[in-house]
file coords15.tsv (TSV, C-alpha atoms)
chain	number	residue	atom	x	y	z
D	83	MET	CA	-50.38	-69.41	10.48
D	84	ASP	CA	-52.34	-69.41	13.71
D	85	ALA	CA	-52.92	-66.40	15.93
D	86	GLY	CA	-50.52	-67.75	18.57
D	87	SER	CA	-47.57	-67.64	16.21
D	88	ILE	CA	-48.23	-63.96	15.45
D	89	VAL	CA	-48.31	-62.67	19.01
D	90	ALA	CA	-45.86	-65.01	20.72
D	91	THR	CA	-42.32	-63.75	21.33
D	92	PRO	CA	-39.66	-66.46	20.90
D	93	PRO	CA	-38.10	-67.54	24.23
D	94	GLY	CA	-35.04	-65.50	25.13
D	95	LYS	CA	-35.94	-62.65	22.75
D	96	ARG	CA	-37.20	-59.30	24.01
D	97	ASN	CA	-40.09	-57.54	22.35
D	98	PRO	CA	-39.09	-53.86	21.99
D	99	GLY	CA	-42.67	-52.67	21.48
D	100	ARG	CA	-43.77	-54.33	24.70
D	101	SER	CA	-40.83	-52.84	26.65
D	102	LEU	CA	-41.78	-49.41	25.36
D	103	HIS	CA	-45.38	-49.91	26.47
D	104	ARG	CA	-44.26	-51.00	29.93
D	105	PHE	CA	-41.99	-47.97	30.25
D	106	ALA	CA	-44.73	-45.59	29.07
D	107	ASN	CA	-47.34	-46.95	31.47
D	108	PRO	CA	-49.24	-43.91	32.88
D	109	GLY	CA	-48.77	-45.02	36.51
D	110	ARG	CA	-45.06	-45.56	35.99
D	111	PHE	CA	-44.83	-42.24	34.14
D	112	LEU	CA	-46.41	-40.44	37.12
D	113	ARG	CA	-43.92	-42.02	39.53
D	114	LEU	CA	-40.85	-41.38	37.35
D	115	SER	CA	-41.84	-37.85	36.33
D	116	GLY	CA	-42.72	-36.98	39.93
D	117	ALA	CA	-39.13	-37.72	40.92
D	118	VAL	CA	-37.50	-36.03	37.90
D	119	LEU	CA	-39.71	-32.96	37.41
D	120	PRO	CA	-38.53	-30.76	40.35
D	121	TRP	CA	-34.88	-31.22	39.34
D	122	LEU	CA	-35.68	-30.61	35.67
D	123	ALA	CA	-37.55	-27.39	36.49
D	124	ILE	CA	-34.89	-26.07	38.89
D	125	ALA	CA	-32.07	-26.91	36.45
D	126	GLY	CA	-34.04	-25.26	33.62
D	127	VAL	CA	-34.55	-22.02	35.55
D	128	VAL	CA	-30.95	-21.85	36.81
D	129	VAL	CA	-29.26	-22.72	33.48
D	130	THR	CA	-31.55	-20.41	31.45
D	131	ALA	CA	-30.97	-17.51	33.89
D	132	THR	CA	-27.20	-18.13	33.68
D	133	GLY	CA	-27.26	-18.14	29.87
D	134	LEU	CA	-29.39	-15.00	29.64
D	135	VAL	CA	-27.37	-12.99	32.20
D	136	TRP	CA	-24.13	-14.13	30.51
D	137	GLY	CA	-25.46	-13.18	27.08
D	138	LEU	CA	-26.90	-9.85	28.21
D	139	PHE	CA	-24.04	-8.51	30.35
D	140	PHE	CA	-20.85	-10.53	29.81
D	141	SER	CA	-20.74	-11.52	26.13
D	142	PRO	CA	-19.18	-9.17	23.57
D	143	SER	CA	-21.25	-7.09	21.17
D	144	ASP	CA	-21.00	-7.72	17.44
D	145	TRP	CA	-18.84	-5.45	15.31
D	146	GLN	CA	-21.65	-5.09	12.74
D	147	GLN	CA	-24.87	-5.53	14.73
D	148	GLY	CA	-23.79	-3.91	17.98
D	149	ASP	CA	-25.71	-4.99	21.08
D	150	ALA	CA	-28.72	-6.19	19.05
D	151	VAL	CA	-26.83	-9.48	18.68
D	152	ARG	CA	-27.81	-10.23	22.31
D	153	ILE	CA	-31.33	-11.04	21.06
D	154	MET	CA	-29.70	-14.18	19.61
D	155	TYR	CA	-29.49	-15.77	23.11
D	156	ILE	CA	-33.29	-16.02	23.12
D	157	HIS	CA	-34.12	-16.16	19.42
D	158	VAL	CA	-31.85	-19.08	18.45
D	159	PRO	CA	-32.85	-21.43	21.33
D	160	ALA	CA	-36.52	-20.60	20.65
D	161	ALA	CA	-36.00	-21.45	16.96
D	162	TRP	CA	-34.24	-24.74	17.81
D	163	LEU	CA	-37.02	-25.68	20.22
D	164	ALA	CA	-39.76	-24.74	17.76
D	165	SER	CA	-38.39	-27.37	15.34
D	166	ALA	CA	-37.31	-29.91	17.99
D	167	GLY	CA	-40.69	-29.61	19.71
D	168	TYR	CA	-42.45	-30.34	16.45
D	169	LEU	CA	-40.21	-33.37	15.91
D	170	ALA	CA	-41.18	-34.61	19.39
D	171	LEU	CA	-44.84	-33.96	18.55
D	172	ALA	CA	-44.47	-35.99	15.35
D	173	ALA	CA	-42.68	-38.82	17.22
D	174	CYS	CA	-45.52	-39.00	19.78
D	175	SER	CA	-48.03	-38.93	16.91
D	176	PHE	CA	-46.22	-41.83	15.23
D	177	VAL	CA	-46.26	-43.86	18.47
D	178	SER	CA	-49.92	-42.96	18.91
D	179	LEU	CA	-50.87	-44.11	15.41
D	180	VAL	CA	-48.74	-47.29	15.39
D	181	TRP	CA	-49.12	-48.54	18.97
D	182	ARG	CA	-52.25	-46.56	19.95
D	183	HIS	CA	-50.60	-45.61	23.21
D	184	PRO	CA	-52.72	-43.24	25.36
D	185	LEU	CA	-49.67	-41.59	26.97
D	186	ALA	CA	-48.34	-40.64	23.50
D	187	ASP	CA	-51.74	-39.06	22.72
D	188	LEU	CA	-51.63	-37.01	25.91
D	189	ALA	CA	-47.97	-36.00	25.40
D	190	ALA	CA	-48.68	-34.89	21.80
D	191	ALA	CA	-51.68	-32.85	22.93
D	192	GLU	CA	-49.55	-31.16	25.61
D	193	ILE	CA	-46.51	-30.49	23.38
D	194	GLY	CA	-48.69	-28.58	20.87
D	195	PRO	CA	-49.42	-25.40	22.89
D	196	VAL	CA	-45.87	-25.26	24.33
D	197	GLY	CA	-44.36	-25.62	20.84
D	198	ALA	CA	-46.69	-22.90	19.57
D	199	GLY	CA	-45.54	-20.64	22.44
D	200	PHE	CA	-41.85	-21.17	21.66
D	201	THR	CA	-42.50	-20.64	17.93
D	202	ALA	CA	-44.28	-17.38	18.79
D	203	LEU	CA	-41.24	-16.45	20.91
D	204	CYS	CA	-38.97	-17.19	17.93
D	205	LEU	CA	-41.11	-15.09	15.58
D	206	GLY	CA	-41.47	-12.25	18.11
D	207	THR	CA	-37.76	-12.00	18.93
D	208	GLY	CA	-36.93	-12.41	15.23
D	209	SER	CA	-39.14	-9.44	14.48
D	210	LEU	CA	-37.50	-7.41	17.26
D	211	TRP	CA	-34.08	-8.32	15.83
D	212	GLY	CA	-35.15	-7.70	12.22
D	213	LYS	CA	-36.39	-4.14	12.75
D	214	PRO	CA	-33.04	-2.61	13.81
D	215	MET	CA	-30.98	-4.82	11.44
D	216	TRP	CA	-33.11	-5.01	8.28
D	217	GLY	CA	-35.29	-1.96	8.83
D	218	ALA	CA	-38.45	-4.11	8.75
D	219	TRP	CA	-40.47	-5.98	11.37
D	220	TRP	CA	-41.33	-8.70	8.85
D	221	VAL	CA	-40.30	-9.80	5.35
D	222	TRP	CA	-41.81	-12.68	3.33
D	223	ASP	CA	-38.45	-14.45	3.36
D	224	ALA	CA	-38.36	-18.27	2.95
D	225	ARG	CA	-37.05	-18.87	6.51
D	226	LEU	CA	-39.54	-16.54	8.18
D	227	THR	CA	-42.46	-17.82	6.12
D	228	SER	CA	-41.66	-21.49	6.77
D	229	VAL	CA	-41.45	-20.80	10.55
D	230	LEU	CA	-44.80	-18.99	10.33
D	231	VAL	CA	-46.20	-22.13	8.61
D	232	LEU	CA	-44.79	-24.16	11.55
D	233	PHE	CA	-46.63	-21.85	13.96
D	234	PHE	CA	-49.90	-22.43	12.06
D	235	LEU	CA	-49.25	-26.20	12.07
D	236	TYR	CA	-48.94	-26.08	15.85
D	237	LEU	CA	-52.15	-24.01	16.14
D	238	GLY	CA	-53.90	-26.40	13.74
D	239	HIS	CA	-52.84	-29.37	15.87
D	240	VAL	CA	-54.02	-27.67	19.08
D	241	ALA	CA	-57.40	-26.88	17.49
D	242	LEU	CA	-57.85	-30.29	15.82
D	243	VAL	CA	-57.07	-32.31	18.95
D	244	ARG	CA	-59.79	-30.41	20.84
D	245	ALA	CA	-62.31	-30.23	17.98
D	246	PHE	CA	-64.08	-33.57	18.47
D	247	ASP	CA	-66.50	-34.77	21.13
D	248	ASN	CA	-64.70	-38.11	21.04
D	249	PRO	CA	-61.10	-37.39	22.19
D	250	GLU	CA	-59.76	-40.48	20.36
D	251	ARG	CA	-60.84	-39.04	17.00
D	252	GLY	CA	-59.18	-35.73	17.92
D	253	TYR	CA	-55.91	-37.50	18.79
D	254	ARG	CA	-55.97	-39.53	15.51
D	255	SER	CA	-56.66	-36.44	13.37
D	256	GLY	CA	-54.02	-34.40	15.19
D	257	ALA	CA	-51.47	-37.21	14.77
D	258	ILE	CA	-52.07	-37.35	10.99
D	259	LEU	CA	-51.70	-33.56	10.71
D	260	ALA	CA	-48.51	-33.65	12.80
D	261	LEU	CA	-46.96	-36.34	10.58
D	262	ILE	CA	-47.88	-34.49	7.37
D	263	GLY	CA	-46.42	-31.28	8.81
D	264	VAL	CA	-43.00	-32.90	9.32
D	265	VAL	CA	-42.27	-32.06	5.67
D	266	ASN	CA	-41.96	-28.42	6.80
D	267	LEU	CA	-38.94	-29.14	9.06
D	268	PRO	CA	-36.35	-29.71	6.28
D	269	ILE	CA	-37.83	-26.71	4.47
D	270	ILE	CA	-37.13	-24.56	7.55
D	271	LYS	CA	-33.63	-26.00	7.94
D	272	PHE	CA	-32.54	-25.66	4.31
D	273	SER	CA	-34.58	-22.58	3.32
D	274	VAL	CA	-31.53	-20.35	3.74
D	275	ASP	CA	-29.54	-22.61	1.36
D	276	TRP	CA	-32.26	-23.33	-1.22
D	277	TRP	CA	-33.48	-19.75	-1.64
D	278	ASN	CA	-31.92	-16.33	-1.67
D	279	THR	CA	-33.01	-15.08	1.74
D	280	LEU	CA	-32.55	-11.97	3.86
D	281	HIS	CA	-32.17	-14.27	6.88
D	282	GLN	CA	-28.54	-15.20	7.49
D	283	PRO	CA	-27.35	-18.80	6.87
D	284	ASP	CA	-26.73	-21.15	9.85
D	285	SER	CA	-23.68	-20.21	11.96
D	286	ILE	CA	-23.67	-23.61	13.69
D	287	THR	CA	-23.91	-26.85	11.70
D	288	LEU	CA	-23.38	-30.52	12.53
D	289	THR	CA	-20.73	-30.97	9.84
D	290	GLY	CA	-18.60	-27.82	10.00
D	291	ALA	CA	-16.90	-25.71	12.65
D	292	PRO	CA	-19.05	-22.87	14.04
D	293	THR	CA	-18.44	-19.48	12.43
D	294	MET	CA	-19.12	-17.70	15.70
D	295	PHE	CA	-16.74	-16.24	18.27
D	296	ILE	CA	-16.38	-18.60	21.27
D	297	GLY	CA	-17.34	-15.78	23.67
D	298	MET	CA	-20.75	-15.71	22.01
D	299	LEU	CA	-21.01	-19.45	21.33
D	300	LEU	CA	-20.72	-20.52	24.99
D	301	PRO	CA	-23.55	-18.37	26.40
D	302	LEU	CA	-25.66	-19.41	23.40
D	303	PHE	CA	-25.15	-23.11	24.26
D	304	VAL	CA	-25.90	-22.47	27.94
D	305	SER	CA	-29.05	-20.58	27.04
D	306	ALA	CA	-30.10	-23.31	24.57
D	307	ILE	CA	-29.58	-26.07	27.17
D	308	GLY	CA	-31.52	-24.04	29.76
D	309	TYR	CA	-34.48	-23.41	27.46
D	310	THR	CA	-34.48	-27.09	26.43
D	311	LEU	CA	-34.68	-28.13	30.09
D	312	LEU	CA	-37.49	-25.61	30.64
D	313	PHE	CA	-39.37	-26.91	27.59
D	314	ALA	CA	-39.02	-30.48	28.85
D	315	ALA	CA	-40.14	-29.49	32.38
D	316	ILE	CA	-43.22	-27.69	31.05
D	317	VAL	CA	-44.21	-30.64	28.82
D	318	VAL	CA	-43.67	-33.19	31.61
D	319	ALA	CA	-45.69	-31.07	34.08
D	320	ARG	CA	-48.53	-30.63	31.57
D	321	THR	CA	-48.52	-34.35	30.70
D	322	ARG	CA	-48.62	-35.27	34.41
D	323	ALA	CA	-51.60	-32.95	34.86
D	324	ALA	CA	-53.30	-34.50	31.80
D	325	VAL	CA	-52.79	-38.06	33.13
D	326	MET	CA	-54.26	-37.07	36.51
D	327	GLU	CA	-57.18	-35.25	34.84
D	328	ARG	CA	-57.92	-38.38	32.81
D	329	ARG	CA	-57.97	-40.43	36.02
D	330	ILE	CA	-60.30	-37.86	37.63
D	331	ARG	CA	-62.70	-38.08	34.65
D	332	ALA	CA	-62.65	-41.89	34.80
D	333	LEU	CA	-63.35	-41.88	38.57
D	334	LEU	CA	-66.19	-39.35	38.21
D	335	MET	CA	-67.75	-41.40	35.39
D	336	MET	CA	-67.43	-44.57	37.45
D	337	ARG	CA	-69.18	-42.88	40.40
D	338	ALA	CA	-71.90	-41.47	38.16
D	339	GLU	CA	-72.55	-44.98	36.78
D	340	GLU	CA	-72.68	-46.38	40.34
D	341	VAL	CA	-75.20	-43.70	41.37
D	342	SER	CA	-77.40	-44.27	38.29
D	343	ALA	CA	-77.31	-48.06	38.81
G	922	MET	CA	-26.01	-0.27	24.91
G	923	THR	CA	-27.32	0.13	21.36
G	924	HIS	CA	-30.88	-0.88	20.36
G	925	LEU	CA	-31.86	-1.12	24.03
G	926	PRO	CA	-35.69	-1.14	23.59
G	927	PHE	CA	-35.49	-4.09	21.18
G	928	ILE	CA	-33.19	-6.02	23.52
G	929	VAL	CA	-35.34	-5.31	26.60
G	930	ALA	CA	-38.51	-6.35	24.73
G	931	SER	CA	-36.85	-9.59	23.55
G	932	TYR	CA	-35.63	-10.52	27.03
G	933	ALA	CA	-39.07	-9.67	28.47
G	934	LEU	CA	-40.67	-12.06	25.96
G	935	GLY	CA	-37.95	-14.65	26.65
G	936	VAL	CA	-38.82	-14.64	30.34
G	937	LEU	CA	-42.58	-14.06	30.19
G	938	ILE	CA	-43.59	-16.71	27.61
G	939	PRO	CA	-41.76	-19.72	29.15
G	940	GLY	CA	-42.46	-18.36	32.66
G	941	THR	CA	-46.22	-18.18	32.02
G	942	PHE	CA	-46.23	-21.72	30.60
G	943	MET	CA	-44.22	-23.00	33.57
G	944	VAL	CA	-46.43	-21.36	36.24
G	945	ALA	CA	-49.64	-22.42	34.43
G	946	ALA	CA	-48.40	-26.03	34.10
G	947	PHE	CA	-47.48	-26.29	37.80
G	948	LEU	CA	-50.78	-24.69	38.92
G	949	ARG	CA	-52.74	-27.10	36.69
G	950	MET	CA	-50.74	-30.03	38.03
G	951	GLY	CA	-51.35	-28.93	41.63
G	952	THR	CA	-55.09	-28.57	41.03
G	953	ALA	CA	-55.29	-32.01	39.38
G	954	LYS	CA	-53.30	-33.56	42.25
G	955	ARG	CA	-55.63	-32.06	44.89
G	956	ARG	CA	-58.78	-33.14	43.02
G	957	LEU	CA	-57.43	-36.66	42.56
G	958	ALA	CA	-56.46	-36.84	46.22
G	959	ALA	CA	-59.97	-35.75	47.22
G	960	LEU	CA	-61.58	-38.37	44.94
G	961	ASP	CA	-59.26	-41.28	45.61
G	962	PRO	CA	-56.51	-40.75	48.23
G	963	ARG	CA	-54.94	-44.18	47.55
G	964	ARG	CA	-54.35	-43.67	43.79
G	965	SER	CA	-53.21	-40.06	44.06
G	966	ARG	CA	-49.95	-41.02	45.77
call {"tool": "encode", "arguments": {"input": "coords15.tsv", "output": "structure tokens"}}
result
Amino acid sequence: MDAGSIVATPPGKRNPGRSLHRFANPGRFLRLSGAVLPWLAIAGVVVTATGLVWGLFFSPSDWQQGDAVRIMYIHVPAAWLASAGYLALAACSFVSLVWRHPLADLAAAEIGPVGAGFTALCLGTGSLWGKPMWGAWWVWDARLTSVLVLFFLYLGHVALVRAFDNPERGYRSGAILALIGVVNLPIIKFSVDWWNTLHQPDSITLTGAPTMFIGMLLPLFVSAIGYTLLFAAIVVARTRAAVMERRIRALLMMRAEEVSA
Amino acid sequence: MTHLPFIVASYALGVLIPGTFMVAAFLRMGTAKRRLAALDPRRSR
């Protein structure tokens, strides 16, 4: 088999990998994200504020937990985003390892700190909810411990990506860590089913009807959508900044080479 | 409202953490945009 037969795409057939590369071109990303980002950020702020005000002032209190249940409108979206953010980080890492795409490297490096922040928010609000309900700020429960492991995975990724003089080696190492860490996601999800935990089981599942009153469910969804939009806006803004910083470094190096020559 | 300090602290965290990330990201983006414009006005657009 000659080299031509390996790389050539048959006439009339599209190459999905190539389409993906074209779409994820840094220049095209800057143009697209520049148009989308302001709307994403405004929508994120407005929808999150709506969800939080609704949850804080207009949703009912729980018959058992009282008003402490209002912490849910922050804690649950933060928990969802901690896991979803890691999944996005792993997806970028996969693209980075398979296709060696520089935009995936930059996106993974920028998702890490944001995911760590949202995981810290989940742990912090969980602690603030646990103290009045369980009488303890922290217990070594399977759900809490697995989310703490997720937090350390994020921190490990952030540190590893920035630990090498050669950024490419940092991105490769971070991508491998991110893909290994994916094993923690099903552990987080099913920890409340597999082990006897103090943490309550999921109230919302993909297969069954939610076990939550609709007056609480709606503000929770609004808050979750708002925080998701905010998360996306932050990651897009950080990735845009990273692309521009990479261009600045390249231009400065080019000028330095011109001066030295 | 019961457990008010815990609720206030949670909402403060819920606003401050994403808010700080958002402001920091936009400031960083603005700085990068200005530096790029100063270095190469054609490519910064």
call {"tool": "interface_residues", "arguments": {"input": "coords15.tsv", "of": "chain D", "to": "chain G", "cutoff": "9 Å", "atoms": "only C-alpha atoms", "output": "MDAnalysis selection string"}}
result
chainID D and resid 113 123 134 138 148:153 155:157 160 196 199:200 202:203 206:208 210:211 213:214 309 312:313 315:324 326:327 329:330 333:334
call {"tool": "write_last_selection", "arguments": {"input": "coords15.tsv", "atoms": "C-alpha atoms", "output": "tab-separated table (two decimals), in the frame of the given file"}}
result
chain	number	residue	atom	x	y	z
D	113	ARG	CA	-43.92	-42.02	39.53
D	123	ALA	CA	-37.55	-27.39	36.49
D	134	LEU	CA	-29.39	-15.00	29.64
D	138	LEU	CA	-26.90	-9.85	28.21
D	148	GLY	CA	-23.79	-3.91	17.98
D	149	ASP	CA	-25.71	-4.99	21.08
D	150	ALA	CA	-28.72	-6.19	19.05
D	151	VAL	CA	-26.83	-9.48	18.68
D	152	ARG	CA	-27.81	-10.23	22.31
D	153	ILE	CA	-31.33	-11.04	21.06
D	155	TYR	CA	-29.49	-15.77	23.11
D	156	ILE	CA	-33.29	-16.02	23.12
D	157	HIS	CA	-34.12	-16.16	19.42
D	160	ALA	CA	-36.52	-20.60	20.65
D	196	VAL	CA	-45.87	-25.26	24.33
D	199	GLY	CA	-45.54	-20.64	22.44
D	200	PHE	CA	-41.85	-21.17	21.66
D	202	ALA	CA	-44.28	-17.38	18.79
D	203	LEU	CA	-41.24	-16.45	20.91
D	206	GLY	CA	-41.47	-12.25	18.11
D	207	THR	CA	-37.76	-12.00	18.93
D	208	GLY	CA	-36.93	-12.41	15.23
D	210	LEU	CA	-37.50	-7.41	17.26
D	211	TRP	CA	-34.08	-8.32	15.83
D	213	LYS	CA	-36.39	-4.14	12.75
D	214	PRO	CA	-33.04	-2.61	13.81
D	309	TYR	CA	-34.48	-23.41	27.46
D	312	LEU	CA	-37.49	-25.61	30.64
D	313	PHE	CA	-39.37	-26.91	27.59
D	315	ALA	CA	-40.14	-29.49	32.38
D	316	ILE	CA	-43.22	-27.69	31.05
D	317	VAL	CA	-44.21	-30.64	28.82
D	318	VAL	CA	-43.67	-33.19	31.61
D	319	ALA	CA	-45.69	-31.07	34.08
D	320	ARG	CA	-48.53	-30.63	31.57
D	321	THR	CA	-48.52	-34.35	30.70
D	322	ARG	CA	-48.62	-35.27	34.41
D	323	ALA	CA	-51.60	-32.95	34.86
D	324	ALA	CA	-53.30	-34.50	31.80
D	326	MET	CA	-54.26	-37.07	36.51
D	327	GLU	CA	-57.18	-35.25	34.84
D	329	ARG	CA	-57.97	-40.43	36.02
D	330	ILE	CA	-60.30	-37.86	37.63
D	333	LEU	CA	-63.35	-41.88	38.57
D	334	LEU	CA	-66.19	-39.35	38.21
call {"tool": "atom_distance", "arguments": {"input": "coords15.tsv", "atom1": "atom CA of D:Ala172", "atom2": "atom CA of D:Val243"}}
result
13.6 Å
call {"tool": "residues_around", "arguments": {"input": "coords15.tsv", "residues": "D:Ala131", "least_positions_apart": "2", "cutoff": "10 Å", "atoms": "all atoms listed in the file", "output": "CSV table (one decimal) with C-alpha atoms, in the frame of the given file"}}
result
chain,number,residue,atom,x,y,z
D,125,ALA,CA,-32.1,-26.9,36.4
D,126,GLY,CA,-34.0,-25.3,33.6
D,127,VAL,CA,-34.6,-22.0,35.6
D,128,VAL,CA,-31.0,-21.8,36.8
D,129,VAL,CA,-29.3,-22.7,33.5
D,133,GLY,CA,-27.3,-18.1,29.9
D,134,LEU,CA,-29.4,-15.0,29.6
D,135,VAL,CA,-27.4,-13.0,32.2
D,136,TRP,CA,-24.1,-14.1,30.5
D,137,GLY,CA,-25.5,-13.2,27.1
D,304,VAL,CA,-25.9,-22.5,27.9
D,305,SER,CA,-29.0,-20.6,27.0
D,308,GLY,CA,-31.5,-24.0,29.8
D,309,TYR,CA,-34.5,-23.4,27.5
G,936,VAL,CA,-38.8,-14.6,30.3
call {"tool": "atom_distance", "arguments": {"input": "coords15.tsv", "atom1": "atom CA of D:Leu300", "atom2": "atom CA of D:Ile286"}}
result
12.1 Å
call {"tool": "atom_distance", "arguments": {"input": "coords15.tsv", "atom1": "atom CA of D:Tyr236", "atom2": "atom CA of D:Ala198"}}
result
5.4 Å
